[in-house]
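Peer 1: Just target_29.cif, nothing more (mmCIF, C-alpha atoms):
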data_my_file
#
loop_
_atom_site.group_PDB
_atom_site.id
_atom_site.type_symbol
_atom_site.label_atom_id
_atom_site.label_comp_id
_atom_site.auth_asym_id
_atom_site.auth_seq_id
_atom_site.Cartn_x
_atom_site.Cartn_y
_atom_site.Cartn_z
ATOM 1 C CA GLU A 1 5.921 -51.923 8.200
ATOM 2 C CA GLU A 2 8.604 -53.097 5.781
ATOM 3 C CA LEU A 3 11.432 -52.587 8.286
ATOM 4 C CA ASN A 4 9.442 -54.358 10.991
ATOM 5 C CA GLU A 5 8.755 -57.399 8.785
ATOM 6 C CA ARG A 6 12.359 -57.804 7.660
ATOM 7 C CA LEU A 7 13.786 -57.340 11.174
ATOM 8 C CA LEU A 8 11.407 -59.906 12.687
ATOM 9 C CA GLU A 9 12.355 -62.367 9.953
ATOM 10 C CA GLU A 10 16.033 -61.942 10.880
ATOM 11 C CA LEU A 11 15.261 -63.331 14.355
ATOM 12 C CA ASP A 12 13.776 -66.564 12.959
ATOM 13 C CA TYR A 13 16.635 -68.999 12.307
ATOM 14 C CA GLU A 14 14.319 -71.707 10.964
ATOM 15 C CA ARG A 15 13.338 -69.295 8.242
ATOM 16 C CA GLU A 16 16.987 -68.387 7.633
ATOM 17 C CA ALA A 17 17.903 -72.073 7.374
ATOM 18 C CA ALA A 18 15.207 -72.489 4.721
ATOM 19 C CA ASN A 19 16.566 -69.421 2.898
ATOM 20 C CA LEU A 20 20.078 -70.909 2.960
ATOM 21 C CA GLN A 21 18.854 -74.189 1.520
ATOM 22 C CA ARG A 22 16.869 -72.413 -1.173
ATOM 23 C CA ALA A 23 19.869 -70.263 -2.117
ATOM 24 C CA ALA A 24 22.169 -73.302 -2.204
ATOM 25 C CA ALA A 25 19.842 -74.990 -4.694
ATOM 26 C CA LEU A 26 19.662 -71.863 -6.851
ATOM 27 C CA LEU A 27 23.466 -71.478 -6.845
ATOM 28 C CA GLN A 28 24.354 -75.057 -7.697
ATOM 29 C CA ASP A 29 25.336 -74.079 -11.254
ATOM 30 C CA GLU A 30 27.285 -70.974 -10.196
ATOM 31 C CA PRO A 31 30.876 -72.170 -9.558
ATOM 32 C CA HIS A 32 32.081 -68.825 -8.158
ATOM 33 C CA LEU A 33 29.346 -68.537 -5.538
ATOM 34 C CA CYS A 34 28.572 -70.764 -2.569
ATOM 35 C CA VAL A 35 26.685 -70.818 0.715
ATOM 36 C CA PRO A 36 27.464 -72.894 3.832
ATOM 37 C CA THR A 37 25.523 -76.120 4.276
ATOM 38 C CA VAL A 38 22.937 -76.064 7.059
ATOM 39 C CA VAL A 39 23.085 -78.758 9.760
ATOM 40 C CA PRO A 40 19.321 -79.221 10.432
ATOM 41 C CA GLU A 41 19.662 -81.579 13.418
ATOM 42 C CA LEU A 42 21.674 -78.911 15.291
ATOM 43 C CA SER A 43 19.487 -75.950 14.288
ATOM 44 C CA SER A 44 16.283 -74.510 15.726
ATOM 45 C CA ARG A 45 14.321 -71.266 15.776
ATOM 46 C CA HIS A 46 17.012 -69.705 17.984
ATOM 47 C CA VAL A 47 20.143 -71.566 16.843
ATOM 48 C CA LEU A 48 21.514 -71.845 13.313
ATOM 49 C CA CYS A 49 24.306 -74.337 12.716
ATOM 50 C CA MET A 50 26.242 -74.366 9.436
ATOM 51 C CA GLU A 51 29.395 -75.942 8.096
ATOM 52 C CA PHE A 52 32.644 -74.041 8.623
ATOM 53 C CA VAL A 53 34.008 -72.537 5.404
ATOM 54 C CA GLU A 54 37.651 -71.451 5.292
ATOM 55 C CA CYS A 55 37.876 -68.011 3.715
ATOM 56 C CA LEU A 56 39.327 -64.522 4.096
ATOM 57 C CA ARG A 57 37.588 -61.736 5.983
ATOM 58 C CA PRO A 58 36.605 -58.515 4.146
ATOM 59 C CA GLU A 59 39.494 -56.495 5.596
ATOM 60 C CA GLN A 60 41.918 -59.130 4.269
ATOM 61 C CA ALA A 61 40.234 -59.222 0.866
ATOM 62 C CA CYS A 62 40.360 -55.415 0.578
ATOM 63 C CA ALA A 63 43.963 -55.103 1.797
ATOM 64 C CA GLU A 64 46.561 -53.516 -0.483
ATOM 65 C CA GLU A 65 48.609 -56.720 -0.628
ATOM 66 C CA THR A 66 45.672 -58.614 -2.168
ATOM 67 C CA SER A 67 46.131 -58.731 -5.921
ATOM 68 C CA GLN A 68 43.930 -56.705 -8.238
ATOM 69 C CA GLU A 69 43.093 -59.865 -10.160
ATOM 70 C CA GLN A 70 41.832 -61.591 -7.030
ATOM 71 C CA ARG A 71 39.700 -58.630 -5.939
ATOM 72 C CA ASN A 72 38.261 -58.416 -9.452
ATOM 73 C CA ARG A 73 37.216 -62.070 -9.361
ATOM 74 C CA TRP A 74 35.406 -61.648 -6.052
ATOM 75 C CA ALA A 75 33.753 -58.441 -7.260
ATOM 76 C CA ALA A 76 32.538 -60.118 -10.456
ATOM 77 C CA ALA A 77 31.024 -62.912 -8.353
ATOM 78 C CA LEU A 78 29.376 -60.342 -6.076
ATOM 79 C CA PHE A 79 27.932 -58.464 -9.056
ATOM 80 C CA ARG A 80 26.575 -61.720 -10.493
ATOM 81 C CA PHE A 81 25.032 -62.639 -7.121
ATOM 82 C CA VAL A 82 23.162 -59.333 -6.867
ATOM 83 C CA MET A 83 21.920 -59.564 -10.441
ATOM 84 C CA LEU A 84 20.684 -63.119 -9.892
ATOM 85 C CA GLY A 85 18.734 -62.122 -6.799
ATOM 86 C CA LEU A 86 17.256 -58.945 -8.217
ATOM 87 C CA LEU A 87 16.586 -59.751 -11.865
ATOM 88 C CA HIS A 88 16.288 -63.519 -12.130
ATOM 89 C CA TRP A 89 15.322 -65.207 -8.855
ATOM 90 C CA ARG A 90 13.483 -62.173 -7.484
ATOM 91 C CA PHE A 91 14.767 -63.400 -4.111
ATOM 92 C CA LEU A 92 17.278 -60.787 -3.016
ATOM 93 C CA HIS A 93 19.912 -61.063 -0.275
ATOM 94 C CA ALA A 94 19.136 -57.659 1.239
ATOM 95 C CA ASP A 95 21.923 -57.134 3.776
ATOM 96 C CA PRO A 96 24.917 -55.707 1.873
ATOM 97 C CA ASN A 97 27.253 -55.569 4.884
ATOM 98 C CA LEU A 98 30.552 -56.847 3.454
ATOM 99 C CA ALA A 99 31.042 -58.879 6.653
ATOM 100 C CA ASN A 100 28.280 -61.158 5.312
ATOM 101 C CA PHE A 101 30.671 -62.411 2.628
ATOM 102 C CA GLY A 102 33.745 -64.602 2.729
ATOM 103 C CA PHE A 103 36.528 -64.544 0.164
ATOM 104 C CA CYS A 104 38.145 -67.817 -0.863
ATOM 105 C CA PRO A 105 41.682 -67.837 -2.333
ATOM 106 C CA ASP A 106 40.361 -69.827 -5.314
ATOM 107 C CA GLY A 107 38.140 -66.883 -6.296
ATOM 108 C CA ARG A 108 34.866 -68.147 -4.867
ATOM 109 C CA LEU A 109 32.624 -65.796 -2.912
ATOM 110 C CA VAL A 110 30.919 -67.287 0.155
ATOM 111 C CA VAL A 111 27.575 -65.759 1.159
ATOM 112 C CA PHE A 112 26.507 -65.807 4.797
ATOM 113 C CA ASP A 113 23.544 -64.385 6.723
ATOM 114 C CA PHE A 114 20.360 -65.154 4.820
ATOM 115 C CA GLY A 115 18.152 -63.675 7.535
ATOM 116 C CA CYS A 116 17.297 -60.525 5.595
ATOM 117 C CA MET A 117 15.855 -61.638 2.259
ATOM 118 C CA LYS A 118 13.493 -59.727 0.013
ATOM 119 C CA ASN A 119 11.019 -61.509 -2.232
ATOM 120 C CA LEU A 120 10.334 -59.082 -5.055
ATOM 121 C CA PRO A 121 6.938 -58.783 -6.735
ATOM 122 C CA ASP A 122 7.280 -59.697 -10.422
ATOM 123 C CA ARG A 123 6.041 -56.274 -11.475
ATOM 124 C CA LEU A 124 8.722 -54.492 -9.457
ATOM 125 C CA ALA A 125 11.550 -56.755 -10.641
ATOM 126 C CA ALA A 126 10.467 -56.223 -14.255
ATOM 127 C CA GLY A 127 10.388 -52.493 -13.551
ATOM 128 C CA TYR A 128 14.036 -52.538 -12.454
ATOM 129 C CA VAL A 129 14.968 -54.305 -15.693
ATOM 130 C CA ARG A 130 13.254 -51.605 -17.741
ATOM 131 C CA LEU A 131 14.582 -48.783 -15.562
ATOM 132 C CA ALA A 132 18.220 -49.942 -15.707
ATOM 133 C CA THR A 133 17.947 -50.410 -19.468
ATOM 134 C CA ALA A 134 16.623 -46.869 -19.925
ATOM 135 C CA VAL A 135 19.382 -45.365 -17.740
ATOM 136 C CA LEU A 136 22.052 -47.416 -19.531
ATOM 137 C CA GLU A 137 20.747 -46.080 -22.860
ATOM 138 C CA ASN A 138 20.627 -42.522 -21.450
ATOM 139 C CA ASN A 139 16.884 -42.331 -22.077
ATOM 140 C CA LEU A 140 15.918 -40.425 -18.948
ATOM 141 C CA PRO A 141 12.448 -39.345 -20.143
ATOM 142 C CA ARG A 142 11.711 -43.058 -20.502
ATOM 143 C CA ALA A 143 13.160 -43.710 -17.029
ATOM 144 C CA GLN A 144 10.885 -40.981 -15.678
ATOM 145 C CA VAL A 145 7.813 -42.811 -17.019
ATOM 146 C CA ILE A 146 9.018 -46.210 -15.785
ATOM 147 C CA LEU A 147 9.564 -44.892 -12.258
ATOM 148 C CA GLN A 148 6.077 -43.454 -12.263
ATOM 149 C CA GLU A 149 4.685 -46.840 -13.342
ATOM 150 C CA MET A 150 6.694 -48.505 -10.543
ATOM 151 C CA GLY A 151 5.013 -46.218 -7.995
ATOM 152 C CA VAL A 152 7.956 -43.845 -7.545
ATOM 153 C CA HIS A 153 6.599 -40.352 -8.156
ATOM 154 C CA LYS A 154 5.707 -37.017 -6.612
ATOM 155 C CA LEU A 155 3.092 -36.933 -3.874
ATOM 156 C CA ASP A 156 0.599 -35.426 -6.322
ATOM 157 C CA GLY A 157 1.127 -38.330 -8.729
ATOM 158 C CA GLY A 158 3.336 -36.396 -11.127
ATOM 159 C CA PRO A 159 6.666 -37.693 -12.406
ATOM 160 C CA ILE A 160 9.962 -37.105 -10.642
ATOM 161 C CA PRO A 161 11.568 -33.954 -12.097
ATOM 162 C CA LEU A 162 13.808 -34.747 -15.029
ATOM 163 C CA SER A 163 16.521 -32.482 -13.610
ATOM 164 C CA MET A 164 16.643 -34.646 -10.482
ATOM 165 C CA LEU A 165 17.020 -37.833 -12.537
ATOM 166 C CA GLU A 166 19.775 -36.230 -14.572
ATOM 167 C CA ASP A 167 21.735 -35.304 -11.428
ATOM 168 C CA PHE A 168 21.649 -38.850 -10.016
ATOM 169 C CA ALA A 169 22.021 -40.665 -13.339
ATOM 170 C CA ALA A 170 25.183 -38.698 -14.110
ATOM 171 C CA VAL A 171 26.792 -40.308 -11.037
ATOM 172 C CA ILE A 172 25.253 -43.792 -11.255
ATOM 173 C CA ARG A 173 26.091 -44.178 -14.950
ATOM 174 C CA ARG A 174 29.836 -43.575 -14.508
ATOM 175 C CA PRO A 175 30.842 -47.206 -13.839
ATOM 176 C CA PHE A 176 28.725 -48.282 -16.813
ATOM 177 C CA ALA A 177 29.849 -45.649 -19.305
ATOM 178 C CA GLU A 178 32.988 -47.378 -20.578
ATOM 179 C CA ASP A 179 34.140 -50.860 -21.560
ATOM 180 C CA SER A 180 36.063 -51.197 -18.289
ATOM 181 C CA TYR A 181 35.910 -49.257 -15.050
ATOM 182 C CA ARG A 182 37.720 -49.491 -11.720
ATOM 183 C CA PHE A 183 35.807 -48.454 -8.625
ATOM 184 C CA GLY A 184 37.947 -45.997 -6.713
ATOM 185 C CA SER A 185 39.497 -44.462 -9.816
ATOM 186 C CA GLU A 186 37.250 -41.443 -9.200
ATOM 187 C CA PRO A 187 37.568 -40.770 -5.457
ATOM 188 C CA ASN A 188 35.077 -37.887 -5.621
ATOM 189 C CA LEU A 189 32.263 -39.987 -7.074
ATOM 190 C CA TYR A 190 30.509 -40.341 -3.713
ATOM 191 C CA ARG A 191 30.910 -36.601 -3.142
ATOM 192 C CA HIS A 192 29.105 -35.975 -6.437
ATOM 193 C CA PHE A 193 26.318 -38.293 -5.275
ATOM 194 C CA GLN A 194 26.022 -36.385 -1.995
ATOM 195 C CA LYS A 195 25.933 -33.124 -3.916
ATOM 196 C CA ALA A 196 23.093 -34.458 -6.076
ATOM 197 C CA ALA A 197 21.205 -35.502 -2.938
ATOM 198 C CA LEU A 198 21.637 -32.106 -1.274
ATOM 199 C CA SER A 199 20.678 -30.111 -4.355
ATOM 200 C CA ASN A 200 17.499 -32.191 -4.748
ATOM 201 C CA PHE A 201 16.566 -32.321 -1.073
ATOM 202 C CA GLU A 202 13.326 -30.369 -1.471
ATOM 203 C CA HIS A 203 12.242 -32.576 -4.392
ATOM 204 C CA SER A 204 13.016 -35.740 -2.415
ATOM 205 C CA ARG A 205 10.741 -34.646 0.438
ATOM 206 C CA ARG A 206 7.805 -34.671 -1.990
ATOM 207 C CA ILE A 207 8.358 -38.153 -3.434
ATOM 208 C CA THR A 208 6.539 -41.364 -2.554
ATOM 209 C CA PHE A 209 7.539 -44.936 -3.359
ATOM 210 C CA PRO A 210 6.313 -48.486 -2.675
ATOM 211 C CA GLN A 211 7.634 -50.115 0.496
ATOM 212 C CA ASP A 212 9.158 -52.973 -1.533
ATOM 213 C CA VAL A 213 11.741 -50.519 -2.901
ATOM 214 C CA ILE A 214 13.369 -49.858 0.488
ATOM 215 C CA PHE A 215 15.501 -52.980 0.778
ATOM 216 C CA VAL A 216 16.273 -53.117 -2.933
ATOM 217 C CA ASP A 217 17.768 -49.637 -2.929
ATOM 218 C CA ARG A 218 19.545 -50.334 0.370
ATOM 219 C CA THR A 219 21.140 -53.414 -1.223
ATOM 220 C CA LEU A 220 22.191 -51.713 -4.448
ATOM 221 C CA GLY A 221 23.626 -48.694 -2.627
ATOM 222 C CA GLY A 222 25.501 -50.906 -0.168
ATOM 223 C CA HIS A 223 27.103 -53.010 -2.876
ATOM 224 C CA PHE A 224 28.082 -49.886 -4.787
ATOM 225 C CA GLY A 225 30.149 -49.082 -1.698
ATOM 226 C CA ASN A 226 31.466 -52.660 -1.452
ATOM 227 C CA LEU A 227 32.861 -52.469 -4.974
ATOM 228 C CA PHE A 228 34.611 -49.269 -3.911
ATOM 229 C CA ARG A 229 36.118 -51.063 -0.919
ATOM 230 C CA LEU A 230 37.389 -53.823 -3.185
ATOM 231 C CA GLN A 231 38.709 -51.214 -5.663
ATOM 232 C CA ALA A 232 37.296 -53.607 -8.244
ATOM 233 C CA GLU A 233 37.757 -53.359 -11.979
ATOM 234 C CA GLY A 234 35.411 -55.019 -14.416
ATOM 235 C CA ARG A 235 33.346 -54.822 -17.575
ATOM 236 C CA TRP A 236 30.287 -53.640 -15.651
ATOM 237 C CA ARG A 237 28.485 -52.168 -18.651
ATOM 238 C CA GLU A 238 28.808 -55.372 -20.665
ATOM 239 C CA TRP A 239 27.840 -57.558 -17.712
ATOM 240 C CA LEU A 240 24.846 -55.426 -16.790
ATOM 241 C CA ARG A 241 23.578 -55.332 -20.365
ATOM 242 C CA THR A 242 23.851 -59.123 -20.584
ATOM 243 C CA GLU A 243 21.940 -59.619 -17.338
ATOM 244 C CA LEU A 244 19.219 -57.186 -18.450
ATOM 245 C CA GLN A 245 18.822 -58.916 -21.812
ATOM 246 C CA LEU A 246 18.554 -62.339 -20.147
ATOM 247 C CA ALA A 247 15.999 -61.049 -17.647
ATOM 248 C CA ALA A 248 13.947 -59.314 -20.337
ATOM 249 C CA ALA A 249 13.927 -62.464 -22.486
ATOM 250 C CA ALA A 250 12.800 -64.578 -19.539
ATOM 251 C CA GLY A 251 9.983 -62.129 -18.809
#
Could you render the structure as C-alpha cells?

Peer 2:
Amino acid sequence: EELNERLLEELDYEREAANLQRAAALLQDEPHLCVPTVVPELSSRHVLCMEFVECLRPEQACAEETSQEQRNRWAAALFRFVMLGLLHWRFLHADPNLANFGFCPDGRLVVFDFGCMKNLPDRLAAGYVRLATAVLENNLPRAQVILQEMGVHKLDGGPIPLSMLEDFAAVIRRPFAEDSYRFGSEPNLYRHFQKAALSNFEHSRRITFPQDVIFVDRTLGGHFGNLFRLQAEGRWREWLRTELQLAAAAG
C-alpha cells in the first residue's frame, strides 16, 4: 500500500509542483540549499516546467579532481537537508538517488525531483529523534524500547533482540563515534553491514514495522551511500547531536 501510494504520487506533476513550492518556502533561510522555481503557466498534471539551474552532475561532483573541501560542503548541505526533512519539517524528500541533486561550484546543493515525498506522522518523527539519541549515547536497551513503541518489534509483540541491535549499531555508529569522520576511510564498512544483515536474517523474518518506516529507512540508507560516493568528511556526530537537540526542544 505504501509503495503504491508513493509511486502514484510520482506520476502527478501538479502535486510535485506544489511540493517544490512548499520546499522552496521552507528552504528560504538555508543559503546552501535551493530548489528550481516552478513555472506554473507551463506546467500541468503531465508536464512539469522549472527554471534551468547550472550545476555539476553527480559523477562530476564525485570525481577525484573535485577538491575534498568542495565535496565536504555539498555533503554538509545534503546532511542538513535530510535532517530538516526528517526531524524538523516532517516532510521528507524520499528519493535518495544522487542524480536528484545538482552541485553548484559555489557550494550550494540543488534538489530536484520532489515527486516522492513522505509526510511523517509526528509520533514517528519524534520516535526517530529519541532512537537516534539513544544510539548516539550507546544506550541500546533504551533503543530497544523506543523501537517497540514506534511499532518495530517481533511478530509476537516482543522487542527486537538486543544482539541484533548491537550488530547493526556497531556499523551505523562508526561515522558518529569521533569528532570527524571521512566516509570511505573504512572501505569494509558496507561489508560489515551486510554481515550483520546475514547473521540476523532469521530474526529479520520475524519482525514487523509500520508502513511509514519504509521510505524513511530507504532515504537514510541511500544517503549513507551518497556520502560514501562523495568520500565526504565532516563533524557528523556534532551536527547530528545539534539537530537532535533542536528537534527535541521544538517537540

Peer 1: Could you check which residues have any atom within 8 Å of (41.6, -66.7, 4.0), counting only C-alpha atoms with coordinates taken straight from the file, and then list them as a ChimeraX atom specification?

Peer 2: /A:54-57,60,103-105

Peer 1: Would you output that residue set with C-alpha atoms, as an mmCIF file, in the frame of the given file?

Peer 2:
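Output contents, as saved in part27.cif:
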data_model
loop_
_atom_site.group_PDB
_atom_site.id
_atom_site.type_symbol
_atom_site.label_atom_id
_atom_site.label_comp_id
_atom_site.auth_asym_id
_atom_site.auth_seq_id
_atom_site.Cartn_x
_atom_site.Cartn_y
_atom_site.Cartn_z
ATOM 1 C CA GLU A 54 37.651 -71.451 5.292
ATOM 2 C CA CYS A 55 37.876 -68.011 3.715
ATOM 3 C CA LEU A 56 39.327 -64.522 4.096
ATOM 4 C CA ARG A 57 37.588 -61.736 5.983
ATOM 5 C CA GLN A 60 41.918 -59.130 4.269
ATOM 6 C CA PHE A 103 36.528 -64.544 0.164
ATOM 7 C CA CYS A 104 38.145 -67.817 -0.863
ATOM 8 C CA PRO A 105 41.682 -67.837 -2.333
#

Peer 1: Tell me which protein, DNA and RNA residues are within 7 Å of stretch 243-247 of chain A, counting only C-alpha atoms, leaving out same-chain ones fewer than 6 positions away, and put them as a PyMOL selection string.

Peer 2: chain A and resi 83+87-88+129+133

Peer 1: What separation in Å, quoted to one decimal, exists between atom CA of A:Pro40 and atom CA of A:Leu26?

Peer 2: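 Computing it gives 18.8 Å between the two atoms.
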
Peer 1: From the set A:Leu78, A:Leu33, A:Leu48, A:Leu240, which residue has the shortest atom-to-atom contact distance to A:Tyr128, counting only C-alpha atoms?

Peer 2: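 That would be A:Leu240, the residue with the smallest distance to A:Tyr128.
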
Peer 1: For A:Gly221, list every protein, DNA or RNA residue within 12 Å, evaluated using all atoms listed in the file, and leave out those in the same chain fewer than 4 positions away; present the list as an MDAnalysis selection string.

Peer 2: chainID A and resid 82 94:97 172 190 193 214:217 225:228

Peer 1: Decode the PyMOL selection byres ((chain A and resi 161) around 12) for the given file into explicit residues and return them as a PyMOL selection string.

Peer 2: chain A and resi 140-141+143-145+147-148+152-154+157-160+162-168+200+202-204+206-207

Peer 1: For this structure, which residues satisfy the selection - the PyMOL selection byres ((chain A and resi 36) around 8) - when it is evaluated on the file as given? I want them as a list in words.

Peer 2: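 On the file shown, the PyMOL selection byres ((chain A and resi 36) around 8) covers Leu20, Cys34, Val35, Thr37, Val38, Met50, Glu51, Phe52, Val53, Val110, Val111 and Phe112 of chain A.
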
Peer 1: For each of A:Ala76, A:Leu8, A:Ala126, A:Leu155, take the minimum atom-to-atom distance to A:Trp236, counting all atoms listed in the file, then give the residue where this is smallest.

Peer 2: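 The closest residue to A:Trp236 is A:Ala76.
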
Peer 1: Could you check which of A:Arg80, A:Lys195, A:Arg73, A:His46 is closest to A:Leu27, using all atoms listed in the file?

Peer 2: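 Of A:Arg80, A:Lys195, A:Arg73, A:His46, the one nearest A:Leu27, counting all atoms listed in the file, is A:Arg80.
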
Peer 1: Selection in question (the file shown): the PyMOL selection byres ((chain A and resi 61) around 12). Which residues does it include, as a PyMOL selection string?

Peer 2: chain A and resi 55-60+62-75+98-99+101-105+107-109+226-227+229-232

Peer 1: Report the centre and edge lengths, in Å to one decimal, of an axis-aligned box enclosing every atom of stretch 201-213 of chain A listed in the file, padded by 3 Å on each side, as AutoDock Vina command-line options.

Peer 2:
--center_x 11.4 --center_y -41.7 --center_z -1.9 --size_x 16.3 --size_y 28.6 --size_z 10.9

Peer 1: Would you please work out which residue, of A:Pro121, A:Pro31, A:Gly127, A:Gly151, is nearest to A:Ala77 when using all atoms listed in the file?

Peer 2: A:Pro31

Peer 1: I'd like the neighbourhood of A:Cys116 as a list in words, where a residue qualifies if any of its atoms comes within 9 Å (using all atoms listed in the file), though same-chain residues fewer than 6 positions away should be ignored.

Peer 2: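 My list of contacting residues is Arg6, Leu7, Glu9, Glu10, Glu16, Leu92, His93, Ala94 and Asp95 of chain A.
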
Peer 1: Please write as an mmCIF file with C-alpha atoms, in the coordinates of the input the list of polymer residues whose atoms come within 12 Å of (18.1, -73.2, 14.8), counting all atoms listed in the file and keeping to the coordinates of the file.

Peer 2:
data_model
loop_
_atom_site.group_PDB
_atom_site.id
_atom_site.type_symbol
_atom_site.label_atom_id
_atom_site.label_comp_id
_atom_site.auth_asym_id
_atom_site.auth_seq_id
_atom_site.Cartn_x
_atom_site.Cartn_y
_atom_site.Cartn_z
ATOM 1 C CA LEU A 11 15.261 -63.331 14.355
ATOM 2 C CA ASP A 12 13.776 -66.564 12.959
ATOM 3 C CA TYR A 13 16.635 -68.999 12.307
ATOM 4 C CA GLU A 14 14.319 -71.707 10.964
ATOM 5 C CA ARG A 15 13.338 -69.295 8.242
ATOM 6 C CA GLU A 16 16.987 -68.387 7.633
ATOM 7 C CA ALA A 17 17.903 -72.073 7.374
ATOM 8 C CA ALA A 18 15.207 -72.489 4.721
ATOM 9 C CA VAL A 38 22.937 -76.064 7.059
ATOM 10 C CA VAL A 39 23.085 -78.758 9.760
ATOM 11 C CA PRO A 40 19.321 -79.221 10.432
ATOM 12 C CA GLU A 41 19.662 -81.579 13.418
ATOM 13 C CA LEU A 42 21.674 -78.911 15.291
ATOM 14 C CA SER A 43 19.487 -75.950 14.288
ATOM 15 C CA SER A 44 16.283 -74.510 15.726
ATOM 16 C CA ARG A 45 14.321 -71.266 15.776
ATOM 17 C CA HIS A 46 17.012 -69.705 17.984
ATOM 18 C CA VAL A 47 20.143 -71.566 16.843
ATOM 19 C CA LEU A 48 21.514 -71.845 13.313
ATOM 20 C CA CYS A 49 24.306 -74.337 12.716
ATOM 21 C CA MET A 50 26.242 -74.366 9.436
ATOM 22 C CA GLY A 115 18.152 -63.675 7.535
#

Peer 1: Rounded to one decimal place, report the atom CA of A:Ser180-atom CA of A:Gln28 distance in Å.

Peer 2: 28.6 Å

Peer 1: What does the structure give for the distance between atom CA of A:Leu131 and atom CA of A:Glu5, in Å to one decimal?

Peer 2: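 Taking atom CA of A:Leu131 as the start and atom CA of A:Glu5 as the end point, the length is 26.5 Å.
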
Peer 1: Taking into account all atoms listed in the file, which residue in the set A:Met150, A:Phe201, A:Trp239, A:Gln211 is nearest to A:Tyr181?

Peer 2: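 Smallest distance to A:Tyr181 is found for A:Trp239.
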
Peer 1: Mind dumping a table of every stretch 170-224 of chain A residue within 10 Å of stretch 134-137 of chain A, with the nearest atom pair and its distance in Å to one decimal, using all atoms listed in the file, sorted by chain and rising number, as a tab-separated table?

Peer 2:
residue	atom	partner	partner_atom	distance
A:Ala170	CA	A:Val135	CA	9.6
A:Ile172	CA	A:Val135	CA	8.9
A:Arg173	CA	A:Leu136	CA	6.9
A:Phe176	CA	A:Leu136	CA	7.3
A:Ala177	CA	A:Leu136	CA	8.0

Peer 1: Would you output that residue set with C-alpha atoms, as a PDB file, in the coordinates of the input?

Peer 2:
ATOM      1  CA  ALA A 170      25.183 -38.698 -14.110  1.00  0.00           C
ATOM      2  CA  ILE A 172      25.253 -43.792 -11.255  1.00  0.00           C
ATOM      3  CA  ARG A 173      26.091 -44.178 -14.950  1.00  0.00           C
ATOM      4  CA  PHE A 176      28.725 -48.282 -16.813  1.00  0.00           C
ATOM      5  CA  ALA A 177      29.849 -45.649 -19.305  1.00  0.00           C
TER       6      ALA A 177
END

Peer 1: Please write stretch 157-161 of chain A of the preceding block to a file containing all heavy atoms, as an mmCIF file, in the first residue's frame?

Peer 2:
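Below you can see out-v1.cif, which holds the result:
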data_model
loop_
_atom_site.group_PDB
_atom_site.id
_atom_site.type_symbol
_atom_site.label_atom_id
_atom_site.label_comp_id
_atom_site.auth_asym_id
_atom_site.auth_seq_id
_atom_site.Cartn_x
_atom_site.Cartn_y
_atom_site.Cartn_z
ATOM 1 N N GLY A 157 5.059 -9.344 19.277
ATOM 2 C CA GLY A 157 4.980 -8.129 20.086
ATOM 3 C C GLY A 157 6.200 -7.884 20.940
ATOM 4 O O GLY A 157 6.333 -6.798 21.541
ATOM 5 N N GLY A 158 7.096 -8.848 21.028
ATOM 6 C CA GLY A 158 8.294 -8.698 21.837
ATOM 7 C C GLY A 158 9.322 -7.782 21.185
ATOM 8 O O GLY A 158 9.247 -7.506 19.986
ATOM 9 N N PRO A 159 10.281 -7.323 21.968
ATOM 10 C CA PRO A 159 11.292 -6.407 21.426
ATOM 11 C C PRO A 159 12.260 -7.100 20.474
ATOM 12 O O PRO A 159 12.460 -8.314 20.539
ATOM 13 C CB PRO A 159 12.020 -5.927 22.683
ATOM 14 C CG PRO A 159 11.868 -7.045 23.664
ATOM 15 C CD PRO A 159 10.500 -7.607 23.406
ATOM 16 N N ILE A 160 12.851 -6.330 19.597
ATOM 17 C CA ILE A 160 13.908 -6.841 18.727
ATOM 18 C C ILE A 160 15.061 -7.313 19.603
ATOM 19 O O ILE A 160 15.420 -6.642 20.572
ATOM 20 C CB ILE A 160 14.373 -5.736 17.764
ATOM 21 C CG1 ILE A 160 13.266 -5.418 16.765
ATOM 22 C CG2 ILE A 160 15.631 -6.142 17.023
ATOM 23 C CD1 ILE A 160 13.586 -4.290 15.826
ATOM 24 N N PRO A 161 15.656 -8.463 19.304
ATOM 25 C CA PRO A 161 16.762 -8.961 20.136
ATOM 26 C C PRO A 161 17.882 -7.930 20.269
ATOM 27 O O PRO A 161 18.266 -7.275 19.288
ATOM 28 C CB PRO A 161 17.237 -10.210 19.378
ATOM 29 C CG PRO A 161 16.054 -10.655 18.589
ATOM 30 C CD PRO A 161 15.323 -9.402 18.215
#
